[in-house]
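Here is the file upload.cif (mmCIF, C-alpha atoms, pLDDT in the B column; chains and numbers go by the auth columns).
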```cif
data_structure
loop_
_atom_site.group_PDB
_atom_site.id
_atom_site.type_symbol
_atom_site.label_atom_id
_atom_site.label_comp_id
_atom_site.label_asym_id
_atom_site.label_seq_id
_atom_site.Cartn_x
_atom_site.Cartn_y
_atom_site.Cartn_z
_atom_site.B_iso_or_equiv
_atom_site.auth_seq_id
_atom_site.auth_asym_id
ATOM 1 C CA MET A 1 -112.307 134.291 -12.699 58.00 18 A
ATOM 2 C CA SER A 2 -109.015 136.164 -12.600 64.00 19 A
ATOM 3 C CA LYS A 3 -105.969 135.073 -10.637 62.00 20 A
ATOM 4 C CA LYS A 4 -106.489 138.006 -8.229 61.00 21 A
ATOM 5 C CA GLN A 5 -110.115 136.994 -7.632 61.00 22 A
ATOM 6 C CA ASP A 6 -109.051 133.381 -7.038 69.00 23 A
ATOM 7 C CA LEU A 7 -106.495 134.546 -4.456 68.00 24 A
ATOM 8 C CA SER A 8 -109.103 136.730 -2.791 74.00 25 A
ATOM 9 C CA GLU A 9 -111.476 133.771 -2.529 79.00 26 A
ATOM 10 C CA ASP A 10 -108.673 131.548 -1.179 77.00 27 A
ATOM 11 C CA ILE A 11 -107.888 134.162 1.486 75.00 28 A
ATOM 12 C CA LYS A 12 -111.547 134.464 2.449 75.00 29 A
ATOM 13 C CA LYS A 13 -111.927 130.677 2.741 77.00 30 A
ATOM 14 C CA ALA A 14 -108.773 130.340 4.844 75.00 31 A
ATOM 15 C CA ALA A 15 -109.871 133.192 7.121 71.00 32 A
ATOM 16 C CA LYS A 16 -113.354 131.770 7.585 73.00 33 A
ATOM 17 C CA ASN A 17 -111.864 128.379 8.452 74.00 34 A
ATOM 18 C CA SER A 18 -109.179 129.914 10.709 72.00 35 A
ATOM 19 C CA ASP A 19 -106.620 128.178 8.499 72.00 36 A
ATOM 20 C CA VAL A 20 -103.493 130.130 9.405 73.00 37 A
ATOM 21 C CA SER A 21 -101.142 127.723 7.635 78.00 38 A
ATOM 22 C CA SER A 22 -102.895 128.346 4.312 77.00 39 A
ATOM 23 C CA LEU A 23 -102.756 132.093 4.863 76.00 40 A
ATOM 24 C CA MET A 24 -99.054 131.895 5.707 79.00 41 A
ATOM 25 C CA GLY A 25 -98.449 129.784 2.609 81.00 42 A
ATOM 26 C CA MET A 26 -99.726 132.658 0.474 81.00 43 A
ATOM 27 C CA LEU A 27 -97.008 135.022 1.730 83.00 44 A
ATOM 28 C CA SER A 28 -93.602 135.566 0.200 89.00 45 A
ATOM 29 C CA SER A 29 -90.615 134.488 2.301 91.00 46 A
ATOM 30 C CA THR A 30 -89.883 138.134 3.133 93.00 47 A
ATOM 31 C CA ASP A 31 -93.476 138.722 4.231 88.00 48 A
ATOM 32 C CA LYS A 32 -93.367 135.560 6.344 87.00 49 A
ATOM 33 C CA GLU A 33 -90.286 136.893 8.159 90.00 50 A
ATOM 34 C CA VAL A 34 -91.950 140.260 8.764 88.00 51 A
ATOM 35 C CA PHE A 35 -95.109 138.566 10.004 83.00 52 A
ATOM 36 C CA ALA A 36 -93.171 136.247 12.320 85.00 53 A
ATOM 37 C CA SER A 37 -91.232 139.149 13.836 88.00 54 A
ATOM 38 C CA LEU A 38 -94.474 141.067 14.272 84.00 55 A
ATOM 39 C CA LEU A 39 -96.030 138.153 16.154 82.00 56 A
ATOM 40 C CA LYS A 40 -93.082 138.129 18.555 89.00 57 A
ATOM 41 C CA ASP A 41 -93.464 141.864 19.371 91.00 58 A
ATOM 42 C CA LYS A 42 -96.628 142.182 21.476 91.00 59 A
ATOM 43 C CA LYS A 43 -96.775 145.981 21.346 92.00 60 A
ATOM 44 C CA ALA A 44 -96.380 146.106 17.549 88.00 61 A
ATOM 45 C CA ARG A 45 -98.870 143.277 17.111 87.00 62 A
ATOM 46 C CA ASP A 46 -101.465 144.966 19.305 91.00 63 A
ATOM 47 C CA GLU A 47 -101.010 148.292 17.508 91.00 64 A
ATOM 48 C CA LEU A 48 -101.410 146.651 14.124 88.00 65 A
ATOM 49 C CA LEU A 49 -104.457 144.613 15.072 88.00 66 A
ATOM 50 C CA SER A 50 -106.182 147.603 16.638 92.00 67 A
ATOM 51 C CA SER A 51 -105.702 149.801 13.574 93.00 68 A
ATOM 52 C CA PRO A 52 -108.822 150.829 11.631 94.00 69 A
ATOM 53 C CA GLU A 53 -107.384 149.175 8.515 92.00 70 A
ATOM 54 C CA ALA A 54 -106.925 145.822 10.246 89.00 71 A
ATOM 55 C CA LYS A 55 -110.406 145.993 11.739 89.00 72 A
ATOM 56 C CA ALA A 56 -111.899 146.768 8.317 89.00 73 A
ATOM 57 C CA LEU A 57 -109.965 143.879 6.738 83.00 74 A
ATOM 58 C CA PHE A 58 -111.142 141.419 9.399 81.00 75 A
ATOM 59 C CA GLU A 59 -114.700 142.640 8.944 84.00 76 A
ATOM 60 C CA LYS A 60 -114.457 142.125 5.186 80.00 77 A
ATOM 61 C CA LEU A 61 -112.783 138.712 5.416 74.00 78 A
ATOM 62 C CA LEU A 62 -115.008 137.359 8.143 73.00 79 A
ATOM 63 C CA GLY A 63 -118.233 138.838 6.867 74.00 80 A
ATOM 64 C CA GLY A 64 -119.084 140.747 10.024 60.00 81 A
ATOM 65 C CA ARG A 65 -118.548 137.906 12.500 57.00 82 A
#
```

Encoded form using structure tokens:
Amino acid sequence: MSKKQDLSEDIKKAAKNSDVSSLMGMLSSTDKEVFASLLKDKKARDELLSSPEAKALFEKLLGGR
């Protein structure tokens, strides 16, 4: 299995287990800062989470749950 496939499986496992700390640990320090600032801005967070791309990603990661 390639490194990219391993990471994909790790992300899927963390998402299925609602393991946010593992997901955050996979981000670069810059991405962590962006994510943290996004979480603080309710309007930006809601816009992002309601986007078709985010919905498709959640569907893929969570297997339709």

Problem - Atomic distance CA of Met43 in chain A - CA of Asp27 in chain A, expressed in Å with one decimal - result: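 Separation between CA of Met43 in chain A and CA of Asp27 in chain A: 9.2 Å.
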
Exercise for the section: May I ask for the distance between CA of Lys49 in chain A and CA of Asn34 in chain A, given in Å to one decimal place? Expected result: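 Between CA of Lys49 in chain A and CA of Asn34 in chain A the gap works out to 20.0 Å.
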
Exercise for the section: For CA of Glu50 in chain A and CA of Leu65 in chain A, quote the distance in Å rounded to one decimal. Expected result: 16.0 Å

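Comparing the minimum interatomic distances between Leu74 in chain A and each of A:Ser39, A:Ser54, A:Ser46, A:Ser25, counting only C-alpha atoms, we find that A:Ser25 sits nearest.
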